[in-house]
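Report on the following structure.
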Amino acid sequence: MIDIKNVTYSYSGMNALNNISMHIEKGESIALMGPNGSGKSTLLKLMNGIISPDSGTYSFNGEEVTRKKLQNANFSKLFHQKIGFVFQNPDTQLFCADVYDEIAFGPRQMGMNETDVKNRVNDCLDLLSIQGFEHRPPYHLSGGERHKVAIACVLALNPDVLVLDEPMNGLDPRTQRWLVQFLMNLNKAGKTLISSTHNLEMIQEISNRAILFDESHSIVADTETEKLLEDIELLKKVNLVDEYYHRHEGDGHHHFHEHPF
Ligand SMILES: Nc1ncnc2c1ncn2[C@@H]1O[C@H](COP(=O)(O)OP(=O)(O)O)[C@@H](O)[C@H]1O
Ligand SMILES: [Mg+2]
């Protein structure tokens with residue numbers, strides 16, 4: 001479904017992706033891991049066509065995605081219908097006067113009629129358990145609620161692939177737990193999930209494969225999430241955990257401590 005070959009990307013001379021290659025199949029659930037600045041968000045932006053590689057190729061469903069093709073309205077529309085991006089900060093994504101218009105925006109862009117738009121918006125409100133929010137302005141909502149609205153907006157187009165940048169960031173524990181369950185259900189329903197994180201918490205619940213970046217913007221591991229979490233030396237080496245890090249294991253539960261206590 002997604003094929004990335006030898007991709008390099010720099011921001012005005014500053015390298016952010018260093019010869020990145022990966023292949024992602026439909027229905028997978030992937031975690032992009034790595035310390036701050038390792039290139040996770042940059043790769044997610046590239047997957048969503050916000051930026052294009054300086055060298056190397058990015059193909060989606062067997063077709064190369066290029067800057068030129070993305071400038072074509074028809075290609076761009078179809079592409080954005082298949083892959084949806086939930087930004088790290090929902091405020092970057094929300095700009096309408098109320099939640100209804102926000103969720104309706106994508107379907108309207110796709111040319112859906114208002115009756116279908118209404119059904120789609122209601123389905124999304126139900127799915128995210130935010131019924132009754134239709135007429136509230138997004139900026140009056142809590143962080144967790146805005147996050148749900150941002151996810152609803154992306155799901156309103158019913159994409160095959162859902163890309164989430166640091167989805168657990170800034171959420172309280174109960175909302176995090178809800179999101180984990182929600183993402184697991186989406187994956188079970190056949191959606192391909194790609195999330196980035198610099199946090200090890202819940203990572204094995206929302207992904208079965210982990211791709212690890214290091215501080216030189218290269219991939220240093222691509223393996224089962226469970227296996228990667230066992231490789232403490234590697235996690236230390238890439239600066240994802242420190243020397244105090246350890247895991248407790250017991251009846252299938254893991255607790256992470258990133259600081260001494
Ligand atoms: N808009 C930008 N302009 C210039 N440099 C950027 C920009 N965004 C990210 N970078 C740089 O690119 C590198 C990768 O960043 P990013 O992809 O955001 O990493 P991560 O998401 O893993 O924290 C970092 O060195 C960062 O400073
Ligand atoms: Mg990031």
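In the structure tokens, chains take the letters A, B, ... in the order shown, each chain's residues start at 1, and ligands count up from 1 in the order shown.
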Let me have all residues with an atom within 7 Å of ligand 1, counting only C-alpha atoms and all ligand atoms, laid out as a list in words.
Tyr11, Ser12, Met14, Asn15, Ala16, Gly34, Pro35, Asn36, Gly37, Ser38, Gly39, Lys40, Ser41, Thr42 and Leu43 of chain A
Considering only C-alpha atoms, return as a PyMOL selection string whatever protein or nucleic-acid residues lie within 12 Å of His198 (chain A), sequence-local ones (same chain, fewer than 4 positions apart) excluded.
chain A and resi 31-41+165-169+202-203+210-214+235+238-241+258
With only C-alpha atoms as the basis for distance, which of A:Ile219, A:Lys118, A:Leu164, A:Ile151 is at the shortest distance from Ser21 (chain A)?
A:Ile219
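With only C-alpha atoms and all ligand atoms as the atoms that count, the residue of A:Tyr139, A:Phe105, A:Phe133, A:Phe87 with the shortest distance to ligand 2 is A:Phe87.
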Residues within 10 Å of Val163 (chain A), please, as a ChimeraX atom specification. Count only C-alpha atoms; anything in the same chain fewer than 5 positions from it doesn't count.
/A:30,44-45,47-48,83-87,154,192-196
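Between ligand 2 and the residues A:Cys124, A:Asp98, A:Lys237, A:Gln88, the shortest atom-to-atom distance, using only C-alpha atoms and all ligand atoms, involves A:Gln88.
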Check region 89-249 of chain A with DSSP on the backbone and list each residue it calls helix (DSSP H, G or I), as a PyMOL selection string.
chain A and resi 90-92+99-109+114-127+138-140+143-155+173-188+203-206+225-230+232-237
Show which residues sit within 12 Å of Thr8 (chain A), as an NGL selection string. Count only C-alpha atoms, and ignore same-chain residues fewer than 2 positions away.
:A and (4-6 or 10-11 or 13-21 or 39 or 42-43 or 46 or 51-58 or 216-219)
Could you state the separation of CA of Asp91 (chain A) and CA of Gly170 (chain A) in Å, given to one decimal place?
12.6 Å
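Each of A:Ala97, A:Arg108, A:Gly49, A:Arg120 was compared to Lys69 (chain A) using only C-alpha atoms, and A:Gly49 turns out to be the nearest.
With only C-alpha atoms and all ligand atoms as the basis for measurement, A:Asn89 is the residue among A:His246, A:Val7, A:Ser142, A:Asn89 that approaches ligand 2 most closely.
Minimum distance to ligand 2 across A:Asn185, A:Asn72, A:Gln204, A:Asn199 (counting only C-alpha atoms and all ligand atoms) occurs at A:Asn199.
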Residues near Pro107 (chain A), cut-off 10 Å, only C-alpha atoms, skip fewer than 3 positions along chain, as a PyMOL selection string:
chain A and resi 81+103-104+110-114+116-118+120-121+153-154+156-158
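Secondary structure of region 131-215 of chain A, strand (DSSP E or B) only (DSSP, backbone atoms): Val161, Leu162, Val163, Leu164, Asp165, Thr192, Leu193, Ile194, Ser195, Ser196, Thr197, Arg209, Ala210, Ile211, Leu212 and Phe213 of chain A.
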I need the chosen residues saved as a compact mmCIF listing (two decimals), in the first residue's frame, with N, CA, C and O atoms.
```txt
# COMPACT_ATOMS: atom_id res chain seq x y z
N VAL A 161 -6.21 4.71 5.12
CA VAL A 161 -5.04 4.85 6.00
C VAL A 161 -5.24 6.06 6.90
O VAL A 161 -5.64 7.14 6.44
N LEU A 162 -4.95 5.87 8.18
CA LEU A 162 -5.05 6.96 9.12
C LEU A 162 -3.66 7.20 9.70
O LEU A 162 -3.04 6.29 10.25
N VAL A 163 -3.18 8.43 9.54
CA VAL A 163 -1.85 8.79 10.01
C VAL A 163 -2.02 9.75 11.18
O VAL A 163 -2.74 10.74 11.07
N LEU A 164 -1.40 9.44 12.31
CA LEU A 164 -1.56 10.29 13.51
C LEU A 164 -0.19 10.68 14.06
O LEU A 164 0.65 9.81 14.31
N ASP A 165 0.01 11.98 14.24
CA ASP A 165 1.29 12.47 14.75
C ASP A 165 1.19 12.65 16.26
O ASP A 165 0.42 13.49 16.73
N THR A 192 -5.61 0.90 8.00
CA THR A 192 -4.16 0.90 8.20
C THR A 192 -3.84 2.09 9.09
O THR A 192 -4.31 3.20 8.84
N LEU A 193 -3.06 1.86 10.14
CA LEU A 193 -2.73 2.93 11.08
C LEU A 193 -1.24 3.19 11.11
O LEU A 193 -0.44 2.26 11.21
N ILE A 194 -0.87 4.45 11.06
CA ILE A 194 0.54 4.83 11.19
C ILE A 194 0.59 5.96 12.21
O ILE A 194 0.03 7.03 11.99
N SER A 195 1.20 5.71 13.36
CA SER A 195 1.30 6.77 14.37
C SER A 195 2.75 7.01 14.72
O SER A 195 3.57 6.09 14.71
N SER A 196 3.06 8.25 15.05
CA SER A 196 4.41 8.55 15.53
C SER A 196 4.35 8.73 17.03
O SER A 196 3.30 9.11 17.57
N THR A 197 5.44 8.44 17.68
CA THR A 197 5.50 8.69 19.12
C THR A 197 6.94 8.71 19.63
O THR A 197 7.80 8.03 19.08
N ARG A 209 3.98 -3.35 14.71
CA ARG A 209 5.30 -3.20 14.10
C ARG A 209 5.82 -1.80 14.43
O ARG A 209 5.06 -0.83 14.38
N ALA A 210 7.09 -1.73 14.76
CA ALA A 210 7.68 -0.45 15.13
C ALA A 210 8.88 -0.15 14.24
O ALA A 210 9.69 -1.03 13.97
N ILE A 211 8.95 1.09 13.80
CA ILE A 211 10.09 1.53 12.99
C ILE A 211 10.78 2.62 13.79
O ILE A 211 10.16 3.61 14.18
N LEU A 212 12.06 2.38 14.07
CA LEU A 212 12.79 3.28 14.98
C LEU A 212 13.77 4.17 14.23
O LEU A 212 14.59 3.69 13.45
N PHE A 213 13.67 5.48 14.48
CA PHE A 213 14.59 6.47 13.92
C PHE A 213 15.63 6.84 14.96
O PHE A 213 15.34 6.83 16.16
```
